[in-house]
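Reviewing the structure listed below.
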Amino acid sequence: MARKIAFHLNCLEQGGAERVVTNLAGQFAEAGCEVLVATEWYGRDEFALDERVRRVHVGLREGDAGKPHPVQVLLRVKYLRDFLRDEKPDILIPFARKALYRGLLAAYFMEMPVLISVRTDPVGHYEELSDKIQIPLLLPRADGCVFQTEGARAFFAPRLQDNSRIILNPIHEKYIGRPEPERRTKTVVQSGRLVDFKNQAMLVRAFARVHAKHPDYDLKIYGGDSHDGTKEILENLIAELGAGDYIRLMGASDHLEEDLADAALFAFTSDWEGLPNALMEAMALGLPIVATDCPCGGPRTIMTDGVDGLLIPIRDEQALVDGINRLIEDPALARRLGTAARKIADRANGRAVFTQWRDYIEELCGAYEKKGK
């Protein structure tokens, strides 16, 4: 396979979709493909691309900022179309909402397949008036789609469902195969940026109640500031609860595989997600987990309640308290769940995920070439 592959997304600022594109781009380059990543802008804290991957700016140019918004939208499509015309990739792969609409418009009447990828819960994110117009007009033109969960796929029309795949995110190899710690600490952990939909406030409130029963346990929340006000809300809540001695916001870390490895358990509290990388990483580390069964079904896709973790309803603080206490008080259960959780690496290691993407891309490109003969 020596394809010319073009990914398209807004930027490479650290996030789930950006992480997957960065990972896949590197693996396709390693496999001998020519890989391009077409982005709209440069973010503040971005993932680094493999040096063999070429990044191209296709966003607004100097002088475009003052133009009316509809004109800017059209220019973004034009610049992406110019890129496709000049580079002539074998396939275009747009990631996430605005990028997939832009990609389908830009590739209109061009000789290449378009493989779109939906990366979040469509409910609440693909329901604006513009979505109701663009989805029936543009999505039928997609040659294929990658979803992360069955819940996300079920949101869309049967035609797109039938011509799609569910592919998990790849887990970074540094989380896979780490030895079981000789002894677990009395620390409950969570990782993920501080942002409202992850509902870390519920975790802080719940853990204050857990700590009243288990005063020898503490909570560490790892994650960077999303600048949506969540960090300040959490800091104020911790202060109000007088919990500063046992609940700490640790900030972002580049060594989570070490920071989390010997924790007592991992608590996941999101109200919604696509497919949460942080949860998959915790599973790969063998951590006992209590997780909200949030839409669009990411935790349920990778976990089975009582087998490799505990699933609880979203926004249910009492269930979270009970789940954490249960794992603290039943070490045999915690150990069994953690051991089973490690098996996520069998189906979500980088090679397994890359192989699924590679085979799907080859299938779509082959069908397109056959159709053109």
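Residues in the structure tokens are numbered from 1 in each chain, the chains being A, B, ... in the order shown, and ligands are numbered from 1 in the order shown.
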
DSSP-assigned alpha helix (DSSP H) among stretch 105-248 of chain A, expressed as a PyMOL selection string: chain A and resi 105-106+129-138+150-154+158-162+200-213+230-240

Nearby residues (only C-alpha atoms) at most 10 Å from stretch 15-18 of chain A, same-chain spacing under 4 positions excluded, as a list in words: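 In the requested format, the answer is Leu9, Asn10, Cys11, Thr22, Asn23, Leu24, Asp45, Glu46, Phe47, Phe95, Ala96, Ser117, Val118, Arg119, Thr120, Asn169, Gly192, Arg193, Gly274, Leu275, Pro276, Asn277 and Ala278 of chain A.
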
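Proximity to A:Ile312 was assessed for A:Gly223, A:Thr269, A:Gly286, A:Gly297 counting only C-alpha atoms; the smallest distance is recorded for A:Thr269.
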
Selected residue of minimal separation from A:Ala352 among A:Ile135, A:Ile167, A:Met283, A:Val123, counting only C-alpha atoms: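 Going through A:Ile135, A:Ile167, A:Met283, A:Val123 one by one, the smallest distance to A:Ala352 is for A:Ile167.
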
Sel. of strand (DSSP E or B) residues, stretch 61-240 of chain A, as a PyMOL selection string: chain A and resi 91-95+114-117+144-147+164-166+171+187-191+194+218-222+225

Mind dumping the selected residues with C-alpha atoms as a short mmCIF file (atom, residue, chain, number, x, y, z; two decimals), in the first residue's frame?
```cif
data_model
loop_
_atom_site.label_atom_id
_atom_site.label_comp_id
_atom_site.auth_asym_id
_atom_site.auth_seq_id
_atom_site.Cartn_x
_atom_site.Cartn_y
_atom_site.Cartn_z
CA ILE A 91 -8.37 9.85 -0.49
CA LEU A 92 -9.47 12.73 1.72
CA ILE A 93 -10.23 12.00 5.39
CA PRO A 94 -11.89 14.89 7.25
CA PHE A 95 -12.16 14.58 11.04
CA VAL A 114 -13.99 11.02 0.91
CA LEU A 115 -13.92 9.08 4.20
CA ILE A 116 -15.45 11.16 7.00
CA SER A 117 -15.06 10.53 10.72
CA GLY A 144 -17.53 5.93 3.98
CA CYS A 145 -17.55 6.94 7.62
CA VAL A 146 -15.68 5.91 10.76
CA PHE A 147 -17.64 6.10 14.00
CA SER A 164 -19.42 2.72 7.85
CA ARG A 165 -17.08 1.11 10.36
CA ILE A 166 -16.69 1.41 14.12
CA ILE A 171 -3.94 3.53 22.82
CA THR A 187 -5.03 7.56 45.73
CA VAL A 188 -8.05 7.88 43.47
CA VAL A 189 -7.18 9.45 40.11
CA GLN A 190 -8.76 11.01 37.06
CA SER A 191 -7.09 12.36 33.92
CA LEU A 194 -10.58 20.47 33.08
CA ASP A 218 -6.82 11.22 48.54
CA LEU A 219 -7.84 12.35 45.05
CA LYS A 220 -5.59 13.65 42.26
CA ILE A 221 -7.08 15.10 39.08
CA TYR A 222 -4.63 15.38 36.18
CA ASP A 225 -6.99 24.05 31.90
#
```

Report as an mmCIF file with C-alpha atoms, in the first residue's frame all protein, DNA and RNA residues lying within 10 Å of A:Thr230, evaluated on only C-alpha atoms, omitting residues in the same chain fewer than 6 positions from it.
```cif
data_model
loop_
_atom_site.group_PDB
_atom_site.id
_atom_site.type_symbol
_atom_site.label_atom_id
_atom_site.label_comp_id
_atom_site.auth_asym_id
_atom_site.auth_seq_id
_atom_site.Cartn_x
_atom_site.Cartn_y
_atom_site.Cartn_z
ATOM 1 C CA ARG A 193 -8.601 18.376 30.652
ATOM 2 C CA LEU A 194 -10.583 20.470 33.078
ATOM 3 C CA VAL A 195 -13.789 21.184 31.156
ATOM 4 C CA ASP A 196 -17.445 21.391 32.107
ATOM 5 C CA PHE A 197 -18.780 18.260 30.375
ATOM 6 C CA LYS A 198 -16.304 16.021 32.208
ATOM 7 C CA ASN A 199 -18.182 16.940 35.407
ATOM 8 C CA GLN A 200 -15.133 16.933 37.659
ATOM 9 C CA ALA A 201 -17.200 18.985 40.120
ATOM 10 C CA ASN A 236 -13.524 27.272 44.700
#
```

Spatial neighbours of stretch 25-38 of chain A, 9 Å, only C-alpha atoms, chain gap at least 5 places, as a PyMOL selection string: chain A and resi 1-11+20+49-59+80+83+89+350-351+354+358

Surrounding residues of A:Arg44 excluding itself and chain neighbours under 6 positions, 10 Å, only C-alpha atoms, as a list in words: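 Listing them by chain and then by number gives Cys11, Leu12, Glu13 and Gln14 of chain A.
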
Just C-alpha atoms for this one: save the residues we selected as an mmCIF file, in the first residue's frame.
```cif
data_model
loop_
_atom_site.group_PDB
_atom_site.id
_atom_site.type_symbol
_atom_site.label_atom_id
_atom_site.label_comp_id
_atom_site.auth_asym_id
_atom_site.auth_seq_id
_atom_site.Cartn_x
_atom_site.Cartn_y
_atom_site.Cartn_z
ATOM 1 C CA CYS A 11 -5.769 22.202 13.958
ATOM 2 C CA LEU A 12 -3.600 19.807 15.972
ATOM 3 C CA GLU A 13 -4.240 21.341 19.392
ATOM 4 C CA GLN A 14 -4.331 18.602 21.993
#
```

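Nearest-residue note for A:Tyr175: choosing from A:Leu74, A:Leu256, A:Ala263, A:Leu60, the minimum distance belongs to A:Leu256, counting only C-alpha atoms.
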
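Here atom CA of A:Arg85 stands at a distance of 23.0 Å from atom CA of A:Gln134.
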
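Of the listed residues (A:Gly177, A:Gly242, A:Pro68, A:Gly309), A:Gly242 comes nearest to A:Arg205; the distances count only C-alpha atoms.
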
Minimum-distance residue to A:Ala340, chosen among A:Pro313, A:Gly323, A:Gly306, A:Gly103 (using only C-alpha atoms): A:Gly306

Between atom CA of A:Met112 and atom CA of A:Asp82, distance in Å (one decimal):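 So the answer is 13.9 Å.
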
Point-to-point distance in Å for atom CA of A:Ala212 and atom CA of A:Ile238: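 Between atom CA of A:Ile238 and atom CA of A:Ala212 the gap is 14.3 Å.
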